[in-house]
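**Student:** I'm passing along input.txt; it holds compact mmCIF, C-alpha atoms and all ligand atoms.
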# COMPACT_ATOMS: atom_id res chain seq x y z
CA MET F 15 2.38 -12.75 16.19
CA ARG F 16 1.81 -10.14 18.85
CA PRO F 17 -1.87 -9.70 19.85
CA ILE F 18 -3.41 -7.07 17.62
CA ASP F 19 -4.34 -4.85 20.60
CA GLU F 20 -0.62 -4.56 21.39
CA GLN F 21 0.31 -3.57 17.86
CA VAL F 22 1.14 -0.23 16.28
CA VAL F 23 0.07 -0.29 12.62
CA LEU F 24 0.72 2.30 9.92
CA VAL F 25 -1.93 2.26 7.19
CA THR F 26 -1.49 4.55 4.19
CA GLY F 27 -4.47 6.06 2.40
CA THR F 28 -6.96 6.00 5.27
CA THR F 29 -9.20 8.84 4.04
CA GLY F 30 -11.39 6.55 1.97
CA GLY F 31 -12.18 3.08 0.69
CA LEU F 32 -10.27 0.10 1.99
CA GLY F 33 -7.74 2.07 4.06
CA ARG F 34 -10.45 3.93 5.95
CA ALA F 35 -12.32 0.70 6.72
CA LEU F 36 -9.11 -1.06 7.78
CA ALA F 37 -8.12 1.78 10.12
CA GLU F 38 -11.51 1.64 11.80
CA ARG F 39 -11.45 -2.15 12.22
CA LEU F 40 -7.90 -2.09 13.60
CA ALA F 41 -8.89 0.63 16.06
CA ALA F 42 -11.92 -1.41 17.12
CA LEU F 43 -9.61 -4.37 17.74
CA GLY F 44 -7.51 -2.17 20.04
CA ALA F 45 -4.50 -1.52 17.80
CA THR F 46 -2.76 1.83 17.80
CA VAL F 47 -3.25 3.13 14.26
CA VAL F 48 -1.03 5.62 12.50
CA MET F 49 -3.55 6.94 9.98
CA HIS F 50 -1.96 8.38 6.89
CA GLY F 51 -3.70 10.74 4.46
CA ARG F 52 -2.58 13.32 1.95
CA HIS F 53 -5.08 16.00 2.87
CA GLY F 54 -5.16 17.34 6.44
CA GLY F 55 -8.88 18.18 6.48
CA ARG F 56 -9.99 14.85 5.01
CA LEU F 57 -7.71 12.97 7.39
CA GLU F 58 -9.01 14.84 10.43
CA ARG F 59 -12.59 14.07 9.37
CA ALA F 60 -11.78 10.36 8.97
CA CYS F 61 -10.19 10.33 12.45
CA GLU F 62 -13.22 12.08 13.96
CA GLN F 63 -15.59 9.57 12.36
CA ILE F 64 -13.57 6.65 13.68
CA ARG F 65 -13.33 8.18 17.16
CA ALA F 66 -17.13 8.57 17.13
CA ALA F 67 -17.64 4.95 16.04
CA VAL F 68 -14.91 3.49 18.26
CA PRO F 69 -14.74 5.21 21.64
CA GLY F 70 -11.17 5.09 22.97
CA ALA F 71 -9.66 4.56 19.50
CA VAL F 72 -5.93 5.28 19.57
CA LEU F 73 -5.21 7.14 16.34
CA HIS F 74 -2.22 9.16 15.21
CA PRO F 75 -2.94 11.11 12.03
CA ALA F 76 0.00 11.74 9.69
CA VAL F 77 -0.24 13.83 6.53
CA ALA F 78 1.92 13.26 3.45
CA ASP F 79 1.36 13.45 -0.29
CA LEU F 80 2.86 10.20 -1.53
CA SER F 81 3.36 11.71 -4.97
CA CYS F 82 6.24 13.69 -3.45
CA LEU F 83 9.19 11.63 -2.26
CA ALA F 84 10.29 14.39 0.16
CA GLU F 85 6.88 14.06 1.85
CA VAL F 86 7.20 10.27 1.95
CA ASN F 87 10.52 10.77 3.71
CA GLY F 88 8.82 13.25 6.04
CA LEU F 89 6.18 10.65 6.93
CA ALA F 90 8.89 8.10 7.69
CA ASP F 91 10.83 10.66 9.76
CA ARG F 92 7.73 11.39 11.77
CA VAL F 93 6.93 7.74 12.45
CA LEU F 94 10.54 7.08 13.46
CA ALA F 95 10.55 10.11 15.79
CA GLU F 96 7.16 9.57 17.38
CA ARG F 97 6.60 5.81 17.54
CA PRO F 98 8.91 3.71 19.67
CA ALA F 99 7.60 0.58 17.92
CA LEU F 100 5.94 -0.35 14.61
CA HIS F 101 4.53 -3.84 14.15
CA ALA F 102 2.89 -3.51 10.75
CA LEU F 103 2.98 -1.35 7.65
CA VAL F 104 0.12 -1.52 5.16
CA ASN F 105 1.00 0.08 1.83
CA ASN F 106 -2.60 0.67 0.78
CA ALA F 107 -2.77 4.19 -0.71
CA GLY F 108 -3.17 4.07 -4.44
CA VAL F 109 -4.14 5.89 -7.60
CA GLY F 110 -6.52 4.08 -9.97
CA PHE F 111 -6.85 4.39 -13.72
CA GLY F 112 -8.39 7.87 -13.52
CA SER F 113 -11.45 9.33 -15.20
CA ASP F 114 -9.50 9.80 -18.45
CA SER F 115 -7.09 6.91 -18.76
CA SER F 116 -5.29 8.50 -21.70
CA ARG F 117 -4.10 11.44 -19.55
CA ARG F 118 -0.54 10.88 -18.36
CA GLU F 119 0.21 12.48 -14.99
CA THR F 120 3.49 12.79 -13.16
CA SER F 121 4.47 13.15 -9.51
CA THR F 122 6.21 16.16 -7.97
CA ASP F 123 9.47 14.33 -8.70
CA GLY F 124 8.53 13.88 -12.37
CA ILE F 125 7.78 10.14 -12.04
CA GLU F 126 4.74 8.69 -13.80
CA LEU F 127 2.04 9.11 -11.13
CA ARG F 128 0.77 5.54 -10.71
CA LEU F 129 4.28 4.12 -10.50
CA ALA F 130 5.24 6.89 -8.05
CA VAL F 131 2.32 6.53 -5.62
CA ASN F 132 1.44 2.84 -5.94
CA HIS F 133 4.96 1.42 -5.95
CA VAL F 134 7.84 3.83 -5.40
CA ALA F 135 6.37 5.59 -2.34
CA GLY F 136 5.65 2.24 -0.69
CA ALA F 137 9.14 1.00 -1.50
CA LEU F 138 10.61 4.08 0.17
CA LEU F 139 8.41 3.66 3.25
CA ILE F 140 9.53 0.04 3.55
CA ARG F 141 13.17 1.02 3.17
CA ARG F 142 12.96 3.77 5.79
CA LEU F 143 10.79 1.90 8.30
CA LEU F 144 12.35 -1.56 8.03
CA PRO F 145 14.82 -1.01 10.93
CA LEU F 146 11.92 -0.06 13.23
CA LEU F 147 9.82 -3.00 12.01
CA GLN F 148 12.78 -5.31 12.64
CA ALA F 149 13.39 -3.86 16.10
CA SER F 150 9.67 -4.37 16.89
CA ALA F 151 9.57 -7.98 15.60
CA PRO F 152 7.58 -9.98 14.85
CA SER F 153 6.28 -7.55 12.25
CA ARG F 154 4.36 -7.71 9.00
CA ILE F 155 4.31 -5.68 5.81
CA VAL F 156 1.21 -5.88 3.62
CA GLN F 157 1.32 -4.64 0.05
CA VAL F 158 -2.16 -3.91 -1.25
CA ALA F 159 -1.61 -4.78 -4.90
CA SER F 160 -4.08 -6.10 -7.48
CA LEU F 161 -4.81 -8.92 -9.91
CA GLY F 162 -4.41 -6.26 -12.60
CA GLN F 163 -0.71 -6.80 -13.32
CA ALA F 164 1.52 -6.08 -16.31
CA PRO F 165 5.29 -6.26 -16.77
CA ILE F 166 7.18 -3.00 -17.03
CA ASP F 167 8.60 -2.38 -20.50
CA LEU F 168 12.06 -1.20 -19.54
CA ALA F 169 12.43 0.55 -22.88
CA ASP F 170 9.63 2.88 -21.76
CA PRO F 171 9.09 2.18 -18.04
CA GLN F 172 7.13 5.36 -17.39
CA LEU F 173 4.91 5.11 -20.46
CA GLU F 174 6.09 8.26 -22.12
CA ARG F 175 4.78 6.89 -25.42
CA GLY F 176 1.17 5.77 -25.92
CA TYR F 177 0.07 6.34 -22.35
CA ASP F 178 -2.71 4.24 -20.89
CA GLY F 179 -3.80 4.59 -17.24
CA TRP F 180 -4.84 0.92 -16.96
CA GLN F 181 -1.43 -0.19 -18.21
CA ALA F 182 0.30 2.22 -15.82
CA TYR F 183 -1.80 0.95 -12.91
CA ALA F 184 -1.13 -2.71 -13.77
CA GLN F 185 2.62 -2.09 -14.12
CA SER F 186 2.76 -0.38 -10.73
CA LYS F 187 0.84 -3.24 -9.11
CA LEU F 188 3.12 -5.94 -10.53
CA ALA F 189 6.12 -3.89 -9.36
CA GLN F 190 4.67 -4.05 -5.82
CA VAL F 191 4.38 -7.83 -6.06
CA MET F 192 7.90 -8.17 -7.46
CA LEU F 193 9.30 -6.12 -4.57
CA THR F 194 7.34 -8.32 -2.17
CA ARG F 195 8.94 -11.47 -3.63
CA ASP F 196 12.39 -9.87 -3.59
CA LEU F 197 12.31 -8.62 -0.03
CA ALA F 198 10.86 -11.84 1.30
CA GLY F 199 14.00 -13.55 0.02
CA GLU F 200 16.15 -11.22 2.08
CA LEU F 201 14.20 -10.88 5.31
CA ASP F 202 14.12 -13.38 8.16
CA PRO F 203 10.44 -14.45 8.18
CA GLU F 204 10.58 -14.93 11.94
CA THR F 205 11.31 -11.19 12.17
CA VAL F 206 9.46 -9.44 9.33
CA THR F 207 7.13 -10.98 6.77
CA ILE F 208 5.94 -9.28 3.59
CA ASN F 209 2.96 -10.39 1.53
CA ALA F 210 0.87 -8.86 -1.24
CA LEU F 211 -2.78 -9.22 -2.11
CA HIS F 212 -5.60 -8.39 -4.44
CA PRO F 213 -8.15 -7.36 -1.80
CA ALA F 214 -11.31 -7.87 -3.91
CA THR F 215 -12.51 -7.07 -7.43
CA PHE F 216 -13.97 -3.63 -8.11
CA MET F 217 -14.91 -2.74 -4.57
CA ASP F 218 -17.21 0.21 -4.09
CA THR F 219 -14.41 2.72 -3.53
CA GLY F 220 -13.27 6.08 -4.82
CA MET F 221 -10.96 4.81 -7.54
CA VAL F 222 -13.53 2.40 -8.96
CA CYS F 223 -16.21 5.12 -9.07
CA GLU F 224 -13.75 7.59 -10.61
CA GLY F 225 -12.98 5.06 -13.35
CA GLY F 226 -16.72 4.81 -14.15
CA ILE F 227 -16.81 1.11 -13.25
CA ALA F 228 -19.83 -0.56 -11.64
CA PRO F 229 -18.69 -2.01 -8.30
CA GLN F 230 -18.71 -5.82 -8.09
CA SER F 231 -17.78 -6.28 -4.44
CA SER F 232 -17.86 -4.46 -1.16
CA VAL F 233 -15.10 -2.82 0.83
CA GLY F 234 -15.99 -5.33 3.54
CA GLU F 235 -14.66 -8.20 1.38
CA GLY F 236 -11.35 -6.49 0.77
CA LEU F 237 -11.17 -5.54 4.42
CA GLU F 238 -11.44 -9.14 5.64
CA ALA F 239 -8.76 -10.29 3.17
CA THR F 240 -6.38 -7.50 4.13
CA LEU F 241 -6.97 -7.84 7.86
CA ARG F 242 -6.24 -11.55 7.61
CA LEU F 243 -2.73 -10.84 6.34
CA LEU F 244 -2.17 -8.66 9.40
CA ALA F 245 -3.92 -10.61 12.09
CA ASP F 246 -4.10 -14.33 11.26
CA PRO F 247 -1.67 -16.22 13.53
CA GLY F 248 -1.70 -18.99 10.90
CA LEU F 249 0.34 -16.68 8.68
CA ASP F 250 3.22 -16.37 11.15
CA GLY F 251 6.44 -16.85 9.19
CA VAL F 252 4.57 -16.86 5.83
CA SER F 253 6.28 -14.41 3.49
CA GLY F 254 6.63 -13.51 -0.18
CA ARG F 255 3.18 -14.76 -1.14
CA PHE F 256 0.43 -13.24 -3.24
CA PHE F 257 -3.21 -13.69 -2.27
CA ASP F 258 -6.38 -13.19 -4.29
CA GLY F 259 -8.68 -12.26 -1.42
CA THR F 260 -8.05 -14.95 1.17
CA ARG F 261 -6.73 -17.57 -1.32
CA GLU F 262 -3.09 -17.86 -2.22
CA ALA F 263 -2.70 -17.18 -5.95
CA ARG F 264 -0.04 -17.00 -8.62
CA PRO F 265 0.87 -13.49 -9.64
CA HIS F 266 1.96 -12.62 -13.20
CA HIS F 267 4.76 -15.06 -14.12
CA THR F 268 7.29 -12.22 -14.38
CA ALA F 269 7.20 -11.98 -10.58
CA ASP F 270 8.90 -15.39 -10.48
CA ASP F 271 11.76 -14.28 -12.74
CA PRO F 272 14.72 -13.13 -10.60
CA ALA F 273 16.32 -11.28 -13.53
CA ALA F 274 13.12 -9.34 -14.23
CA ARG F 275 12.81 -8.56 -10.52
CA ALA F 276 16.40 -7.31 -10.45
CA ARG F 277 15.67 -4.98 -13.37
CA VAL F 278 12.58 -3.54 -11.67
CA ARG F 279 14.57 -3.17 -8.48
CA GLU F 280 17.26 -1.25 -10.34
CA LEU F 281 14.60 1.03 -11.80
CA THR F 282 13.07 1.55 -8.35
CA ASP F 283 16.45 2.32 -6.78
CA ASP F 284 17.17 4.74 -9.57
CA LEU F 285 13.88 6.57 -9.01
CA LEU F 286 14.46 6.58 -5.25
CA ARG F 287 17.76 8.37 -5.68
CA ARG F 288 15.59 11.41 -6.42
CA ALA F 289 14.49 11.30 -2.78
CA ALA F 290 18.00 11.15 -1.37
N1 LIG F 301 -11.14 -0.89 -5.38
C1 LIG F 301 -10.77 -2.06 -5.85
O1 LIG F 301 -11.59 -2.85 -6.34
C2 LIG F 301 -9.34 -2.51 -5.76
C3 LIG F 301 -8.98 -3.71 -6.37
C4 LIG F 301 -7.66 -4.13 -6.29
C5 LIG F 301 -6.75 -3.38 -5.58
N2 LIG F 301 -7.14 -2.22 -4.98
C6 LIG F 301 -6.13 -1.46 -4.24
O2 LIG F 301 -6.64 -1.15 -2.96
C7 LIG F 301 -5.97 0.03 -2.47
C8 LIG F 301 -6.99 0.97 -1.87
O3 LIG F 301 -7.80 1.48 -2.92
P1 LIG F 301 -9.33 1.83 -2.76
O4 LIG F 301 -10.06 0.95 -3.69
O5 LIG F 301 -9.71 1.87 -1.32
O6 LIG F 301 -9.33 3.29 -3.41
P2 LIG F 301 -9.74 4.74 -2.87
O7 LIG F 301 -11.03 4.71 -2.16
O8 LIG F 301 -9.60 5.61 -4.08
O9 LIG F 301 -8.61 5.07 -1.80
C9 LIG F 301 -7.31 5.41 -2.18
C10 LIG F 301 -6.60 6.05 -1.02
O10 LIG F 301 -5.27 6.39 -1.46
C11 LIG F 301 -5.07 7.77 -1.19
N3 LIG F 301 -4.16 8.44 -2.13
C12 LIG F 301 -4.31 8.57 -3.47
N4 LIG F 301 -3.31 9.31 -3.96
C13 LIG F 301 -2.52 9.65 -2.92
C14 LIG F 301 -1.34 10.42 -2.79
N5 LIG F 301 -0.77 11.03 -3.83
N6 LIG F 301 -0.80 10.58 -1.56
C15 LIG F 301 -1.38 10.00 -0.49
N7 LIG F 301 -2.49 9.27 -0.54
C16 LIG F 301 -3.06 9.10 -1.75
C17 LIG F 301 -6.44 8.40 -1.26
O11 LIG F 301 -6.43 9.65 -0.63
P3 LIG F 301 -7.52 10.82 -0.97
O12 LIG F 301 -8.71 10.51 -0.12
O13 LIG F 301 -6.81 12.06 -0.56
O14 LIG F 301 -7.80 10.74 -2.44
C18 LIG F 301 -7.26 7.34 -0.54
O15 LIG F 301 -7.12 7.46 0.85
C19 LIG F 301 -5.19 0.59 -3.65
O16 LIG F 301 -3.83 0.26 -3.53
C20 LIG F 301 -5.81 -0.11 -4.84
O17 LIG F 301 -4.92 -0.20 -5.93
C21 LIG F 301 -8.41 -1.76 -5.06
The structure given in the file should be rewritten as structure tokens.
**Tutor:**
Amino acid sequence: MRPIDEQVVLVTGTTGGLGRALAERLAALGATVVMHGRHGGRLERACEQIRAAVPGAVLHPAVADLSCLAEVNGLADRVLAERPALHALVNNAGVGFGSDSSRRETSTDGIELRLAVNHVAGALLIRRLLPLLQASAPSRIVQVASLGQAPIDLADPQLERGYDGWQAYAQSKLAQVMLTRDLAGELDPETVTINALHPATFMDTGMVCEGGIAPQSSVGEGLEATLRLLADPGLDGVSGRFFDGTREARPHHTADDPAARARVRELTDDLLRRAA
């Protein structure tokens, strides 16, 4: 791997929680950080705080609401236009189970919100930024997923019947892991690796508080696990894996089923056509 202080890293969802902490640590290690957020004011505040804590931090704020595929495309366009190189993409931004998990929400494109933000937006970013990641090799993609995983029922993939936010969250997180497995099979691991992880269980972050859950771990734990996937030279060439914190783990068994992965991929491609 390239030394971290020579890397340009795009982290999504840097206005709070894990993404905010990761952006600060990467800046402290000397990386150039493209800090994504959906809200201009919140993102500017996060950048200011990091600049105050890390003098000389090299930060490039980029605003996009990931619940709108046109904005996801806009974020990719901007990165491609402004950054001559990109060595890592961290798909971290996410929507939790919500304060009322029975309330079904949809994205601007009409896609169930958790699937849209947690999986489809990240898939589009990967698709659009892969050529730049390949040209900047060796590069790494990190999918911040979860141990909370459930297979997508293709008869009702967007939970139009009997909605449950936990189920929607878990489906979106398994979809991330399935995409990770799929892409790893296609990419040359000497060029671009892709791995997924469960950073830590119920960290003290926005989505956990919003869900009314008592935190069981700190952002610091998730930060170390996520940073490791970006910065550990021992993971050079390691791709398609799922980690529970820093330990390799088995994801839901459906992630090992190529036919199930193909079906989720077809669904993802279908939803992405809305962004074309
Ligand atoms: N917390 C845990 O224990 C835990 C466990 C397993 C996995 N994870 C995963 O870790 C990742 C980070 O979560 P977190 O715990 O740090 O949660 P968080 O504090 O709620 O942070 C979520 C981030 O995603 C952003 N985001 C949400 N919706 C967005 C949208 N439509 N467009 C753009 N950005 C959006 C948020 O932006 P705003 O500031 O604008 O809301 C925020 O920056 C997620 O993928 C989550 O699923 C967390």
**Student:** Residues around (3.4, 13.6, 5.2), cut-off 8 Å, counting only C-alpha atoms - what are they as an mmCIF file with C-alpha atoms, in the coordinates of the input?
**Tutor:**
data_model
loop_
_atom_site.group_PDB
_atom_site.id
_atom_site.type_symbol
_atom_site.label_atom_id
_atom_site.label_comp_id
_atom_site.auth_asym_id
_atom_site.auth_seq_id
_atom_site.Cartn_x
_atom_site.Cartn_y
_atom_site.Cartn_z
ATOM 1 C CA HIS F 50 -1.960 8.380 6.890
ATOM 2 C CA GLY F 51 -3.700 10.740 4.460
ATOM 3 C CA ARG F 52 -2.580 13.320 1.950
ATOM 4 C CA ALA F 76 0.000 11.740 9.690
ATOM 5 C CA VAL F 77 -0.240 13.830 6.530
ATOM 6 C CA ALA F 78 1.920 13.260 3.450
ATOM 7 C CA ASP F 79 1.360 13.450 -0.290
ATOM 8 C CA LEU F 80 2.860 10.200 -1.530
ATOM 9 C CA GLU F 85 6.880 14.060 1.850
ATOM 10 C CA VAL F 86 7.200 10.270 1.950
ATOM 11 C CA ASN F 87 10.520 10.770 3.710
ATOM 12 C CA GLY F 88 8.820 13.250 6.040
ATOM 13 C CA LEU F 89 6.180 10.650 6.930
#
**Student:** Once you count only C-alpha atoms and all ligand atoms, which residues end up within 6 Å of ligand LIG 301 (chain F), and could you hand them over as a ChimeraX atom specification?
**Tutor:** /F:27-33,51-53,79-81,106-109,131,158-160,212-217,219-222
**Student:** Quick one, how far is CA of Ser153 in chain F from CA of Gly44 in chain F?
**Tutor:** 16.7 Å
**Student:** Using all atoms listed in the file, pick whichever of F:Ala151, F:Ala189, F:Leu241, F:Ala228 has the shortest atom-to-atom distance to Val25 in chain F.
**Tutor:**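 Among F:Ala151, F:Ala189, F:Leu241, F:Ala228, it is F:Leu241 that comes nearest to Val25 in chain F.
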**Student:** Looking at F:Thr122, F:Thr260, F:Ser253, F:Gln181, which one is nearest to Arg154 in chain F, with distances taken over all atoms listed in the file?
**Tutor:**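 Nearest to Arg154 in chain F: F:Ser253.
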**Student:** I'd like to know which of F:Val22, F:Val68, F:Cys223, F:Leu285 is closest to Leu147 in chain F, using all atoms listed in the file.
**Tutor:**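 Checking each candidate against Leu147 in chain F, we get F:Val22 as the closest.
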**Student:** Within 10 Å of Gly162 in chain F, counting all atoms listed in the file, which residues show up once you throw out same-chain ones fewer than 4 positions away? Write them as a VMD selection string, please.
**Tutor:** chain F and resid 180 to 181 183 to 188 212 215 265 to 266
**Student:** Check the smallest atom-to-atom distance from each of F:Glu235, F:Gly248, F:Ala182, F:Ala130 to Asp167 in chain F using all atoms listed in the file, then report the winner.
**Tutor:**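 Using all atoms listed in the file, Asp167 in chain F sits closest to F:Ala182.
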**Student:** Mind giving me the straight-line distance from CA of Ala210 in chain F to CA of Leu146 in chain F in Å, one decimal?
**Tutor:**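 Computing it gives 20.2 Å between the two atoms.
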